[in-house]
file data06.cif (mmCIF, C-alpha atoms)
data_entry
#
loop_
_atom_site.label_atom_id
_atom_site.label_comp_id
_atom_site.auth_asym_id
_atom_site.auth_seq_id
_atom_site.Cartn_x
_atom_site.Cartn_y
_atom_site.Cartn_z
CA ILE Q 1 0.00 0.00 0.00
CA ASP Q 2 2.98 2.32 0.37
CA SER Q 3 4.77 1.43 -2.87
CA ILE Q 4 3.80 4.60 -4.76
CA THR Q 5 4.99 7.04 -2.10
CA LYS Q 6 8.20 5.08 -1.64
CA ALA Q 7 8.88 5.02 -5.38
CA SER Q 8 8.16 8.75 -5.71
CA GLY Q 9 10.36 9.68 -2.76
CA GLU Q 10 7.49 11.13 -0.71
CA THR Q 11 7.88 8.63 2.14
CA VAL Q 12 9.61 10.17 5.16
CA PHE Q 13 12.06 7.75 6.77
CA ALA Q 14 13.73 8.33 10.14
CA ASP Q 15 16.88 9.71 8.54
CA ASP Q 16 14.81 12.23 6.55
CA MET Q 17 13.55 13.89 9.73
CA VAL Q 18 15.15 17.06 11.08
CA LEU Q 19 14.18 18.37 14.52
CA ASP Q 20 15.02 21.72 16.07
CA LYS Q 21 18.43 21.79 17.84
CA MET Q 22 19.06 18.18 16.78
CA LEU Q 23 22.46 16.63 17.45
CA PHE Q 24 24.23 13.96 15.40
CA THR Q 25 25.87 10.76 16.65
CA GLY Q 26 29.10 8.98 15.89
CA VAL Q 27 30.40 5.87 17.64
CA LEU Q 28 34.00 4.83 18.10
CA ARG Q 29 34.18 1.12 17.37
CA SER Q 30 36.82 -1.49 18.08
CA PRO Q 31 39.31 -2.38 15.33
CA TRP Q 32 40.12 -5.55 17.31
CA SER Q 33 38.06 -8.74 17.28
CA HIS Q 34 39.12 -9.58 20.84
CA ALA Q 35 41.06 -7.33 23.17
CA GLU Q 36 41.26 -5.89 26.66
CA ILE Q 37 40.69 -2.15 26.97
CA LEU Q 38 43.51 -0.69 29.05
CA ASP Q 39 42.70 3.01 28.71
CA ILE Q 40 40.33 5.43 26.96
CA ASP Q 41 41.47 9.05 26.61
CA ILE Q 42 38.86 11.56 25.45
CA SER Q 43 40.68 14.72 26.62
CA GLU Q 44 41.61 15.96 23.13
CA ALA Q 45 38.34 14.90 21.57
CA ALA Q 46 36.38 16.82 24.22
CA LYS Q 47 38.03 20.09 23.03
CA SER Q 48 37.07 19.54 19.39
CA LYS Q 49 34.86 21.80 17.31
CA GLY Q 50 31.20 20.88 17.47
CA VAL Q 51 31.38 18.37 20.31
CA VAL Q 52 28.52 18.56 22.80
CA LYS Q 53 28.94 15.33 24.75
CA ILE Q 54 31.08 12.20 24.74
CA VAL Q 55 29.61 9.24 26.58
CA LEU Q 56 31.61 6.25 27.85
CA ALA Q 57 30.43 3.14 29.67
CA GLY Q 58 30.89 4.80 33.06
CA ASP Q 59 28.50 7.61 32.07
CA ILE Q 60 25.53 5.31 31.48
CA PRO Q 61 22.85 6.09 34.11
CA GLY Q 62 21.43 2.57 34.23
CA LYS Q 63 22.63 -0.90 33.26
CA ASN Q 64 25.32 -1.22 30.61
CA LEU Q 65 23.87 -4.42 29.21
CA TYR Q 66 21.20 -5.44 26.74
CA GLY Q 67 20.04 -8.40 24.68
CA PRO Q 68 16.66 -9.79 23.57
CA ILE Q 69 17.08 -13.09 25.47
CA LYS Q 70 20.40 -12.98 27.33
CA LYS Q 71 21.59 -9.63 28.64
CA ASP Q 72 25.19 -10.20 27.58
CA GLN Q 73 26.03 -7.27 25.28
CA PRO Q 74 27.41 -3.99 26.67
CA VAL Q 75 26.01 -0.81 25.17
CA LEU Q 76 29.54 0.62 25.38
CA ALA Q 77 32.47 -1.70 26.05
CA GLU Q 78 34.32 -0.92 29.25
CA ASN Q 79 36.95 -3.60 29.85
CA ARG Q 80 36.88 -5.84 26.80
CA VAL Q 81 35.87 -5.87 23.13
CA ARG Q 82 34.69 -9.07 21.49
CA TYR Q 83 34.33 -8.25 17.78
CA ILE Q 84 35.46 -5.74 15.19
CA GLY Q 85 32.80 -3.08 15.61
CA ASP Q 86 32.11 -3.30 19.35
CA ALA Q 87 30.98 0.17 20.51
CA ILE Q 88 33.34 1.98 22.90
CA ALA Q 89 32.43 5.68 22.93
CA ALA Q 90 29.44 7.68 21.69
CA VAL Q 91 29.94 11.24 20.42
CA PHE Q 92 27.09 13.74 20.13
CA ALA Q 93 27.91 16.75 17.98
CA GLU Q 94 26.34 19.79 16.35
CA SER Q 95 27.12 18.59 12.83
CA GLU Q 96 27.67 15.31 11.02
CA ASN Q 97 30.76 16.89 9.48
CA ASP Q 98 32.37 17.26 12.91
CA LEU Q 99 32.02 13.61 13.93
CA GLY Q 100 34.98 12.13 12.07
CA ASN Q 101 37.45 14.62 13.52
CA ILE Q 102 36.15 14.09 17.06
CA LEU Q 103 36.23 10.30 16.84
CA GLU Q 104 39.81 10.35 15.51
CA LYS Q 105 40.95 12.17 18.65
CA ILE Q 106 39.67 9.51 21.06
CA LYS Q 107 42.62 7.34 21.98
CA VAL Q 108 42.14 3.76 23.15
CA THR Q 109 44.89 1.48 24.39
CA TYR Q 110 44.25 -2.22 23.79
CA LYS Q 111 45.86 -5.50 24.76
CA SER Q 112 45.22 -8.22 22.21
CA LEU Q 113 43.44 -11.39 23.37
CA PRO Q 114 43.18 -14.78 21.59
CA GLU Q 115 40.42 -14.95 18.98
CA VAL Q 116 37.74 -17.63 18.89
CA THR Q 117 36.90 -18.06 15.21
CA ASP Q 118 36.52 -21.84 14.74
CA PHE Q 119 33.44 -23.64 16.03
CA LYS Q 120 35.46 -26.69 17.07
CA ASP Q 121 37.67 -24.52 19.26
CA ALA Q 122 34.62 -22.74 20.63
CA LEU Q 123 33.06 -26.02 21.72
CA GLU Q 124 36.25 -26.91 23.58
CA GLY Q 125 36.45 -23.50 25.24
CA LYS Q 126 39.68 -22.53 23.52
CA PRO Q 127 41.70 -20.45 22.94
CA ALA Q 128 39.38 -18.27 25.05
CA VAL Q 129 35.97 -18.25 26.71
CA LEU Q 130 33.93 -15.24 25.64
CA HIS Q 131 31.20 -15.39 28.29
CA GLY Q 132 30.72 -17.26 31.55
CA ASN Q 133 32.20 -20.75 31.77
CA ASN Q 134 32.05 -21.83 28.11
CA ASN Q 135 31.28 -20.66 24.58
CA ILE Q 136 27.83 -22.25 24.34
CA ILE Q 137 25.03 -19.74 23.74
CA ALA Q 138 22.25 -22.33 23.85
CA GLU Q 139 21.45 -26.00 23.15
CA MET Q 140 18.25 -27.47 21.72
CA GLU Q 141 17.07 -30.93 20.72
CA SER Q 142 14.04 -32.58 19.21
CA GLY Q 143 13.04 -36.01 17.96
CA ARG Q 144 10.64 -38.91 17.81
CA GLY Q 145 10.68 -42.70 17.70
CA ASP Q 146 13.56 -45.14 18.16
CA ILE Q 147 16.50 -43.81 16.17
CA GLU Q 148 18.58 -47.02 16.33
CA ALA Q 149 15.61 -49.15 15.26
CA GLY Q 150 14.99 -46.71 12.41
CA PHE Q 151 18.50 -47.12 11.06
CA SER Q 152 18.37 -50.88 11.49
CA LYS Q 153 15.39 -50.97 9.10
CA ALA Q 154 17.21 -48.97 6.43
CA ASP Q 155 18.58 -50.53 3.25
CA ILE Q 156 20.82 -47.52 2.69
CA ILE Q 157 22.36 -45.03 5.12
CA LEU Q 158 23.95 -41.77 3.96
CA ASP Q 159 26.22 -39.72 6.23
CA GLU Q 160 27.11 -36.22 5.02
CA GLU Q 161 28.32 -32.86 6.32
CA PHE Q 162 27.34 -29.38 5.09
CA ASP Q 163 28.30 -25.81 5.84
CA THR Q 164 26.28 -22.65 5.36
CA GLN Q 165 27.64 -19.12 5.52
CA TYR Q 166 26.80 -15.93 7.36
CA VAL Q 167 24.36 -13.76 5.39
CA GLU Q 168 24.03 -9.96 5.51
CA HIS Q 169 20.50 -8.55 5.31
CA GLY Q 170 21.55 -5.71 3.00
CA TYR Q 171 18.40 -3.62 3.45
CA LEU Q 172 18.34 -0.39 1.42
CA GLU Q 173 17.65 1.77 4.50
CA PRO Q 174 20.50 1.76 7.01
CA GLU Q 175 19.53 1.66 10.68
CA SER Q 176 18.42 5.13 11.82
CA CYS Q 177 16.51 6.79 14.62
CA ILE Q 178 15.91 10.07 16.44
CA ALA Q 179 15.45 10.13 20.21
CA LYS Q 180 13.73 13.16 21.74
CA LEU Q 181 13.03 14.13 25.34
CA ASN Q 182 9.58 15.62 25.80
CA SER Q 183 8.51 18.41 28.15
CA ASP Q 184 6.81 15.92 30.48
CA GLY Q 185 10.07 13.98 30.93
CA SER Q 186 9.11 11.15 28.60
CA LEU Q 187 11.20 9.94 25.66
CA THR Q 188 10.05 9.40 22.08
CA VAL Q 189 12.16 7.31 19.71
CA PHE Q 190 11.40 7.65 16.01
CA VAL Q 191 12.61 4.40 14.43
CA ALA Q 192 11.72 1.73 11.90
CA SER Q 193 11.69 -1.29 14.20
CA GLN Q 194 10.50 -4.87 13.90
CA GLY Q 195 9.99 -5.09 17.67
CA PRO Q 196 8.81 -1.82 19.31
CA PRO Q 197 7.83 -3.41 22.66
CA MET Q 198 11.23 -5.12 22.84
CA ASP Q 199 12.92 -1.80 22.06
CA ILE Q 200 11.27 -0.24 25.09
CA ASP Q 201 12.33 -3.17 27.28
CA GLU Q 202 15.92 -2.79 26.05
CA ILE Q 203 16.17 1.02 26.30
CA ALA Q 204 14.51 1.53 29.69
CA PRO Q 205 17.06 -0.21 31.98
CA VAL Q 206 20.00 1.50 30.24
CA ILE Q 207 18.73 5.07 30.57
CA ASP Q 208 17.06 4.27 33.92
CA PHE Q 209 13.59 5.22 32.75
CA PRO Q 210 10.33 3.45 33.60
CA PRO Q 211 9.11 1.69 30.43
CA GLU Q 212 5.86 3.65 30.41
CA LYS Q 213 7.87 6.86 29.84
CA ILE Q 214 9.26 5.60 26.53
CA GLN Q 215 7.31 5.71 23.27
CA ILE Q 216 8.42 4.08 20.03
CA ALA Q 217 7.12 6.14 17.12
CA GLY Q 218 7.10 3.65 14.27
CA MET Q 219 8.62 4.99 11.06
CA PRO Q 220 8.38 3.52 7.54
CA MET Q 221 10.84 0.68 7.07
CA GLY Q 222 13.15 0.52 4.09
CA GLY Q 223 13.75 -3.21 4.47
CA GLY Q 224 14.13 -5.28 7.60
CA PHE Q 225 14.03 -9.06 7.00
CA GLY Q 226 14.59 -9.74 10.72
CA GLY Q 227 17.66 -7.54 11.10
CA LYS Q 228 15.70 -4.62 12.50
CA GLU Q 229 14.31 -6.73 15.32
CA ASP Q 230 17.55 -6.35 17.30
CA ILE Q 231 18.70 -3.14 18.96
CA SER Q 232 21.03 -1.06 16.79
CA VAL Q 233 20.82 2.73 17.04
CA GLN Q 234 18.00 3.06 19.57
CA ILE Q 235 19.83 2.86 22.90
CA ILE Q 236 22.77 5.10 22.00
CA ALA Q 237 20.50 7.80 20.55
CA SER Q 238 18.37 7.60 23.70
CA LEU Q 239 21.47 7.95 25.88
CA GLY Q 240 22.40 11.07 23.92
CA ALA Q 241 18.98 12.63 24.32
CA VAL Q 242 19.02 12.02 28.07
CA ALA Q 243 22.62 13.25 28.45
CA THR Q 244 22.18 16.46 26.42
CA GLY Q 245 18.48 17.27 26.70
CA ARG Q 246 18.37 17.72 22.93
CA PRO Q 247 17.01 15.55 20.10
CA VAL Q 248 19.64 13.13 18.84
CA LYS Q 249 19.83 11.40 15.46
CA TYR Q 250 21.90 8.29 14.95
CA THR Q 251 22.13 6.78 11.46
CA TYR Q 252 24.57 4.04 10.60
CA THR Q 253 26.85 4.58 7.65
CA ARG Q 254 26.64 1.70 5.18
CA ARG Q 255 30.09 0.55 6.29
CA GLU Q 256 28.99 0.64 9.93
CA SER Q 257 25.78 -1.23 9.17
CA ILE Q 258 27.59 -4.07 7.44
CA MET Q 259 30.27 -4.16 10.14
CA VAL Q 260 28.00 -4.41 13.20
CA SER Q 261 24.52 -5.45 12.14
CA GLY Q 262 23.37 -8.98 12.96
CA LYS Q 263 23.65 -11.68 10.30
CA ARG Q 264 21.95 -14.97 9.54
CA ASN Q 265 24.06 -17.46 11.45
CA ALA Q 266 26.49 -19.76 9.70
CA THR Q 267 26.16 -23.48 10.43
CA HIS Q 268 28.00 -26.77 10.30
CA GLN Q 269 25.57 -29.67 9.87
CA ARG Q 270 26.03 -33.41 9.98
CA TYR Q 271 23.17 -35.44 8.51
CA LYS Q 272 22.71 -39.19 8.76
CA THR Q 273 19.69 -40.42 6.81
CA GLY Q 274 18.35 -43.96 6.40
CA ALA Q 275 15.87 -45.16 3.77
CA LYS Q 276 14.39 -48.30 2.23
CA LYS Q 277 15.27 -49.28 -1.36
CA ASP Q 278 12.07 -47.65 -2.60
CA GLY Q 279 13.14 -44.35 -1.01
CA ARG Q 280 10.89 -44.36 2.04
CA LEU Q 281 12.72 -42.69 4.93
CA THR Q 282 13.29 -44.71 8.10
CA ALA Q 283 15.46 -42.41 10.23
CA VAL Q 284 17.15 -39.00 10.27
CA LYS Q 285 19.84 -37.93 12.72
CA VAL Q 286 21.14 -34.35 12.64
CA ASP Q 287 23.83 -32.51 14.58
CA ILE Q 288 23.86 -28.74 14.02
CA ILE Q 289 26.50 -26.29 15.16
CA ALA Q 290 25.18 -22.75 14.76
CA LYS Q 291 28.00 -20.24 14.47
CA GLY Q 292 26.85 -17.20 16.37
CA GLY Q 293 28.71 -14.02 17.15
CA ALA Q 294 30.21 -12.25 20.12
CA TYR Q 295 26.81 -11.85 21.79
CA ALA Q 296 23.77 -14.11 22.01
CA SER Q 297 21.10 -12.01 20.28
CA VAL Q 298 18.22 -14.42 19.44
CA GLU Q 299 20.32 -17.52 18.67
CA GLU Q 300 18.45 -19.55 21.29
CA ALA Q 301 15.17 -18.98 19.46
CA VAL Q 302 16.78 -19.47 16.04
CA ILE Q 303 18.16 -22.93 16.84
CA LEU Q 304 14.79 -23.89 18.33
CA ARG Q 305 13.40 -23.48 14.80
CA SER Q 306 16.38 -25.32 13.34
CA VAL Q 307 15.76 -28.45 15.39
CA SER Q 308 12.05 -28.22 14.60
CA PHE Q 309 12.54 -28.19 10.81
CA ALA Q 310 15.81 -30.09 10.31
CA ALA Q 311 14.18 -33.27 8.96
CA GLY Q 312 12.27 -31.29 6.34
CA PRO Q 313 8.54 -31.47 5.51
CA TYR Q 314 8.60 -35.26 5.52
CA THR Q 315 7.20 -38.08 7.61
CA VAL Q 316 10.14 -39.71 9.39
CA PRO Q 317 9.39 -42.58 11.81
CA ALA Q 318 12.52 -41.89 13.85
CA ALA Q 319 14.39 -38.60 14.19
CA GLU Q 320 17.03 -37.22 16.52
CA VAL Q 321 18.07 -33.60 16.08
CA LYS Q 322 20.47 -31.62 18.25
CA ALA Q 323 21.72 -28.06 17.88
CA ARG Q 324 24.30 -25.98 19.70
CA ALA Q 325 24.90 -22.29 19.13
CA VAL Q 326 28.38 -21.02 19.95
CA TYR Q 327 29.96 -17.66 20.64
CA LEU Q 328 32.64 -16.53 18.17
CA ASN Q 329 34.52 -13.25 17.76
CA HIS Q 330 32.24 -12.06 14.97
CA ALA Q 331 29.34 -9.63 14.71
CA PRO Q 332 26.27 -11.15 16.41
CA ALA Q 333 23.97 -13.49 14.51
CA CYS Q 334 20.33 -12.47 14.69
CA ALA Q 335 16.92 -13.07 13.16
CA MET Q 336 16.69 -13.36 9.39
CA ARG Q 337 13.81 -14.53 7.22
CA GLY Q 338 13.00 -18.14 7.98
CA PHE Q 339 14.55 -17.79 11.45
CA GLY Q 340 16.68 -20.94 11.59
CA ASN Q 341 14.72 -22.85 8.95
CA PRO Q 342 16.47 -22.05 5.61
CA THR Q 343 19.87 -23.32 6.76
CA VAL Q 344 18.57 -26.75 7.74
CA THR Q 345 16.25 -26.86 4.73
CA PHE Q 346 19.44 -26.73 2.67
CA GLY Q 347 20.81 -29.70 4.63
CA SER Q 348 17.68 -31.81 4.49
CA GLU Q 349 17.07 -31.20 0.79
CA MET Q 350 20.71 -31.94 -0.05
CA MET Q 351 20.23 -35.29 1.68
CA MET Q 352 17.12 -35.96 -0.39
CA ASN Q 353 19.06 -35.16 -3.57
CA LYS Q 354 21.87 -37.49 -2.55
CA MET Q 355 19.33 -40.23 -1.76
CA VAL Q 356 17.83 -39.71 -5.25
CA ALA Q 357 21.28 -40.21 -6.78
CA ALA Q 358 22.11 -43.25 -4.63
CA LEU Q 359 18.82 -45.06 -5.32
CA ASN Q 360 18.31 -43.81 -8.91
CA LEU Q 361 14.87 -42.41 -8.09
CA ASP Q 362 12.87 -39.50 -9.43
CA PRO Q 363 13.41 -36.46 -7.12
CA ILE Q 364 9.74 -35.48 -7.11
CA ASP Q 365 8.51 -39.03 -6.53
CA LEU Q 366 10.88 -39.40 -3.56
CA ARG Q 367 9.56 -36.25 -1.95
CA LEU Q 368 5.90 -37.05 -2.58
CA MET Q 369 6.42 -40.55 -1.16
CA ASN Q 370 7.72 -39.07 2.09
CA ARG Q 371 5.54 -36.01 2.40
CA SER Q 372 3.92 -35.38 5.73
#

call {"tool": "encode", "arguments": {"input": "data06.cif", "output": "structure tokens"}}
result
Amino acid sequence: IDSITKASGETVFADDMVLDKMLFTGVLRSPWSHAEILDIDISEAAKSKGVVKIVLAGDIPGKNLYGPIKKDQPVLAENRVRYIGDAIAAVFAESENDLGNILEKIKVTYKSLPEVTDFKDALEGKPAVLHGNNNIIAEMESGRGDIEAGFSKADIILDEEFDTQYVEHGYLEPESCIAKLNSDGSLTVFVASQGPPMDIDEIAPVIDFPPEKIQIAGMPMGGGFGGKEDISVQIIASLGAVATGRPVKYTYTRRESIMVSGKRNATHQRYKTGAKKDGRLTAVKVDIIAKGGAYASVEEAVILRSVSFAAGPYTVPAAEVKARAVYLNHAPACAMRGFGNPTVTFGSEMMMNKMVAALNLDPIDLRLMNRS
């Protein structure tokens, strides 16, 4: 219903809005995938032209943590960064043109830490543990029937491994919002969001506001696909509005969006599938390793869908599916269309294709024979 106004350019997105006395936001982000922060020096940056406020972790009035399921991600890193792009300092300035110069003058001293980039290492807790006692974000399992009996009835058993990659949402509209304090002390956040109630729940504890004093003013969305369900610009813009008393706009650059926005998770999958000579399935066993990022985001919910759909849309007498999501020193993995289903659909359909080849069957007939 909004296609004409979008095509004509009449639609007003969050970044198109300009409010009186509005400030602009820039964020200093980590160039290290894993490092200890030894010192942050903002003395020179604070003297720069156009700077109104620089906010560090210690300036946050409430809790310096957020996350849709696990509260494990700092708004601004204080002691440690866990991926290239972790936010360290937020700058609020009179002009967008001033931001680059101010950010360049913030000096951070780092001490490199070992990177966790391989899922096998992550499972073993080496060479580092990113959170708590291990690198496991969440574990899920599902199944039915007697898996060993199912394989014993099979005339053929295929055992294969597959890998899927991280996927960037690539929406046309970068993440953008304006946060504005109102005369009654409430806060309005103008943003295109896929989860306004969750935004309120995430913003409130950080700025130390009661949730009922925060309003999400929904703006037109220039593409979301799941990626605009997670927090991006909302909390930092809100911090700026509270700290300065002025409206604050925060819009990701395209580079920033690709660097820090959540991705579809990557996976390593092992499929073991048994079938009769005529192609009728007898058992499916799946082990999924979901490669997450430095913070949990919604991986727990994503792998719940993965274990639910891993055997495909087929009737399988016996199934055993397990999934583990692991922390890695990458940008977080988040919701993306299909929400854990497309990755395992790739695995299950590859197995059906391989079964077709092994038994010399028609690919459509095999699927119809096993449809649920």

call {"tool": "residues_around", "arguments": {"input": "data06.cif", "residues": "segment 236-238 of chain Q", "least_positions_apart": "2", "cutoff": "9 Å", "atoms": "all atoms listed in the file", "output": "list of chain:residue names"}}
result
Q:Phe24, Q:Thr25, Q:Val27, Q:Val75, Q:Leu76, Q:Ala90, Q:Phe92, Q:Cys177, Q:Ile178, Q:Ala179, Q:Lys180, Q:Leu181, Q:Leu187, Q:Thr188, Q:Val189, Q:Ile203, Q:Ile207, Q:Ser232, Q:Val233, Q:Gln234, Q:Gly240, Q:Ala241, Q:Val242, Q:Ala243, Q:Pro247, Q:Val248, Q:Lys249, Q:Tyr250

call {"tool": "resolve_selection", "arguments": {"input": "data06.cif", "expression": "the PyMOL selection byres ((chain Q and resi 291-294) around 6)", "output": "MDAnalysis selection string"}}
result
chainID Q and resid 82 265:267 290 295 325:333

call {"tool": "residues_around", "arguments": {"input": "data06.cif", "residues": "Val51 of chain Q", "least_positions_apart": "2", "cutoff": "12 Å", "atoms": "all atoms listed in the file", "output": "JSON list (two decimals) with C-alpha atoms, in the coordinates of the input"}}
result
[["chain", "number", "residue", "atom", "x", "y", "z"],
["Q", 23, "LEU", "CA", 22.46, 16.63, 17.45],
["Q", 24, "PHE", "CA", 24.23, 13.96, 15.40],
["Q", 25, "THR", "CA", 25.87, 10.76, 16.65],
["Q", 26, "GLY", "CA", 29.10, 8.98, 15.89],
["Q", 42, "ILE", "CA", 38.86, 11.56, 25.45],
["Q", 43, "SER", "CA", 40.68, 14.72, 26.62],
["Q", 44, "GLU", "CA", 41.61, 15.96, 23.13],
["Q", 45, "ALA", "CA", 38.34, 14.90, 21.57],
["Q", 46, "ALA", "CA", 36.38, 16.82, 24.22],
["Q", 47, "LYS", "CA", 38.03, 20.09, 23.03],
["Q", 48, "SER", "CA", 37.07, 19.54, 19.39],
["Q", 49, "LYS", "CA", 34.86, 21.80, 17.31],
["Q", 53, "LYS", "CA", 28.94, 15.33, 24.75],
["Q", 54, "ILE", "CA", 31.08, 12.20, 24.74],
["Q", 55, "VAL", "CA", 29.61, 9.24, 26.58],
["Q", 90, "ALA", "CA", 29.44, 7.68, 21.69],
["Q", 91, "VAL", "CA", 29.94, 11.24, 20.42],
["Q", 92, "PHE", "CA", 27.09, 13.74, 20.13],
["Q", 93, "ALA", "CA", 27.91, 16.75, 17.98],
["Q", 94, "GLU", "CA", 26.34, 19.79, 16.35],
["Q", 95, "SER", "CA", 27.12, 18.59, 12.83],
["Q", 96, "GLU", "CA", 27.67, 15.31, 11.02],
["Q", 97, "ASN", "CA", 30.76, 16.89, 9.48],
["Q", 98, "ASP", "CA", 32.37, 17.26, 12.91],
["Q", 99, "LEU", "CA", 32.02, 13.61, 13.93],
["Q", 100, "GLY", "CA", 34.98, 12.13, 12.07],
["Q", 101, "ASN", "CA", 37.45, 14.62, 13.52],
["Q", 102, "ILE", "CA", 36.15, 14.09, 17.06],
["Q", 103, "LEU", "CA", 36.23, 10.30, 16.84],
["Q", 105, "LYS", "CA", 40.95, 12.17, 18.65],
["Q", 244, "THR", "CA", 22.18, 16.46, 26.42]]

call {"tool": "resolve_selection", "arguments": {"input": "data06.cif", "expression": "the PyMOL selection byres ((chain Q and resi 156-163) around 9)", "output": "ChimeraX atom specification"}}
result
/Q:151,154-155,164-165,266-277,283,343,346-347,350-351,354-355,358-359

call {"tool": "atom_distance", "arguments": {"input": "data06.cif", "atom1": "atom CA of Ile40 of chain Q", "atom2": "atom CA of Gly67 of chain Q"}}
result
24.7 Å

call {"tool": "residues_around", "arguments": {"input": "data06.cif", "residues": "Asn134 of chain Q", "least_positions_apart": "2", "cutoff": "10 Å", "atoms": "all atoms listed in the file", "output": "list of chain:residue names"}}
result
Q:Ala122, Q:Leu123, Q:Glu124, Q:Gly125, Q:Lys126, Q:Ala128, Q:Val129, Q:Leu130, Q:His131, Q:Gly132, Q:Ile136, Q:Ile137, Q:Val326, Q:Tyr327

call {"tool": "residues_around", "arguments": {"input": "data06.cif", "residues": "Asp41 of chain Q", "least_positions_apart": "2", "cutoff": "7 Å", "atoms": "all atoms listed in the file", "output": "list of chain:residue names"}}
result
Q:Asp39, Q:Ser43, Q:Ile106, Q:Lys107, Q:Val108

call {"tool": "write_last_selection", "arguments": {"input": "data06.cif", "atoms": "C-alpha atoms", "output": "PDB file, in the coordinates of the input"}}
result
ATOM      1  CA  ASP Q  39      42.700   3.010  28.710  1.00  0.00           C
ATOM      2  CA  SER Q  43      40.680  14.720  26.620  1.00  0.00           C
ATOM      3  CA  ILE Q 106      39.670   9.510  21.060  1.00  0.00           C
ATOM      4  CA  LYS Q 107      42.620   7.340  21.980  1.00  0.00           C
ATOM      5  CA  VAL Q 108      42.140   3.760  23.150  1.00  0.00           C
TER       6      VAL Q 108
END

call {"tool": "atom_distance", "arguments": {"input": "data06.cif", "atom1": "atom CA of Ile200 of chain Q", "atom2": "atom CA of Ser261 of chain Q"}}
result
19.2 Å

call {"tool": "atom_distance", "arguments": {"input": "data06.cif", "atom1": "atom CA of Arg29 of chain Q", "atom2": "atom CA of Pro211 of chain Q"}}
result
28.3 Å

call {"tool": "closest_residue", "arguments": {"input": "data06.cif", "among": "Q:Arg144, Q:Arg280, Q:Arg246, Q:Arg264", "to": "Val298 of chain Q", "atoms": "all atoms listed in the file"}}
result
Q:Arg264

call {"tool": "residues_around", "arguments": {"input": "data06.cif", "residues": "segment 4-8 of chain Q", "least_positions_apart": "5", "cutoff": "10 Å", "atoms": "all atoms listed in the file", "output": "list in words"}}
result
Phe13, Pro220 and Gly222 of chain Q

call {"tool": "write_last_selection", "arguments": {"input": "data06.cif", "atoms": "C-alpha atoms", "output": "PDB file, in the frame of the given file"}}
result
ATOM      1  CA  PHE Q  13      12.060   7.750   6.770  1.00  0.00           C
ATOM      2  CA  PRO Q 220       8.380   3.520   7.540  1.00  0.00           C
ATOM      3  CA  GLY Q 222      13.150   0.520   4.090  1.00  0.00           C
TER       4      GLY Q 222
END

call {"tool": "resolve_selection", "arguments": {"input": "data06.cif", "expression": "the PyMOL selection byres ((chain Q and resi 338) around 10)", "output": "list in words"}}
result
Phe225, Gly226, Arg264, Val302, Arg305, Ser306, Ala335, Met336, Arg337, Phe339, Gly340, Asn341, Pro342, Thr343 and Thr345 of chain Q

call {"tool": "write_last_selection", "arguments": {"input": "data06.cif", "atoms": "C-alpha atoms", "output": "PDB file, keeping the file's coordinate frame"}}
result
ATOM      1  CA  PHE Q 225      14.030  -9.060   7.000  1.00  0.00           C
ATOM      2  CA  GLY Q 226      14.590  -9.740  10.720  1.00  0.00           C
ATOM      3  CA  ARG Q 264      21.950 -14.970   9.540  1.00  0.00           C
ATOM      4  CA  VAL Q 302      16.780 -19.470  16.040  1.00  0.00           C
ATOM      5  CA  ARG Q 305      13.400 -23.480  14.800  1.00  0.00           C
ATOM      6  CA  SER Q 306      16.380 -25.320  13.340  1.00  0.00           C
ATOM      7  CA  ALA Q 335      16.920 -13.070  13.160  1.00  0.00           C
ATOM      8  CA  MET Q 336      16.690 -13.360   9.390  1.00  0.00           C
ATOM      9  CA  ARG Q 337      13.810 -14.530   7.220  1.00  0.00           C
ATOM     10  CA  PHE Q 339      14.550 -17.790  11.450  1.00  0.00           C
ATOM     11  CA  GLY Q 340      16.680 -20.940  11.590  1.00  0.00           C
ATOM     12  CA  ASN Q 341      14.720 -22.850   8.950  1.00  0.00           C
ATOM     13  CA  PRO Q 342      16.470 -22.050   5.610  1.00  0.00           C
ATOM     14  CA  THR Q 343      19.870 -23.320   6.760  1.00  0.00           C
ATOM     15  CA  THR Q 345      16.250 -26.860   4.730  1.00  0.00           C
TER      16      THR Q 345
END

call {"tool": "closest_residue", "arguments": {"input": "data06.cif", "among": "Q:Val81, Q:Leu56, Q:Leu28, Q:Met219", "to": "Thr11 of chain Q", "atoms": "all atoms listed in the file"}}
result
Q:Met219

call {"tool": "closest_residue", "arguments": {"input": "data06.cif", "among": "Q:Glu148, Q:Glu141, Q:Asp362, Q:Glu202", "to": "Val286 of chain Q", "atoms": "only C-alpha atoms"}}
result
Q:Glu141

call {"tool": "residues_near_point", "arguments": {"input": "data06.cif", "point": "(14.6, -1.6, 13.2)", "cutoff": "6 Å", "atoms": "only C-alpha atoms", "output": "MDAnalysis selection string"}}
result
chainID Q and resid 192:194 228:229

call {"tool": "write_last_selection", "arguments": {"input": "data06.cif", "atoms": "C-alpha atoms", "output": "short mmCIF file (atom, residue, chain, number, x, y, z; two decimals), in the coordinates of the input"}}
result
data_model
loop_
_atom_site.label_atom_id
_atom_site.label_comp_id
_atom_site.auth_asym_id
_atom_site.auth_seq_id
_atom_site.Cartn_x
_atom_site.Cartn_y
_atom_site.Cartn_z
CA ALA Q 192 11.72 1.73 11.90
CA SER Q 193 11.69 -1.29 14.20
CA GLN Q 194 10.50 -4.87 13.90
CA LYS Q 228 15.70 -4.62 12.50
CA GLU Q 229 14.31 -6.73 15.32
#

call {"tool": "closest_residue", "arguments": {"input": "data06.cif", "among": "Q:Cys334, Q:Asp20, Q:Ile289, Q:Ala138", "to": "Asp118 of chain Q", "atoms": "all atoms listed in the file"}}
result
Q:Ile289

call {"tool": "decode", "arguments": {"input": "data06.cif", "residues": "segment 309-313 of chain Q", "atoms": "C-alpha atoms", "output": "short mmCIF file (atom, residue, chain, number, x, y, z; two decimals), in the first residue's frame"}}
result
data_model
loop_
_atom_site.label_atom_id
_atom_site.label_comp_id
_atom_site.auth_asym_id
_atom_site.auth_seq_id
_atom_site.Cartn_x
_atom_site.Cartn_y
_atom_site.Cartn_z
CA PHE Q 309 12.54 -28.19 10.81
CA ALA Q 310 15.81 -30.09 10.31
CA ALA Q 311 14.18 -33.27 8.96
CA GLY Q 312 12.27 -31.29 6.34
CA PRO Q 313 8.54 -31.47 5.51
#
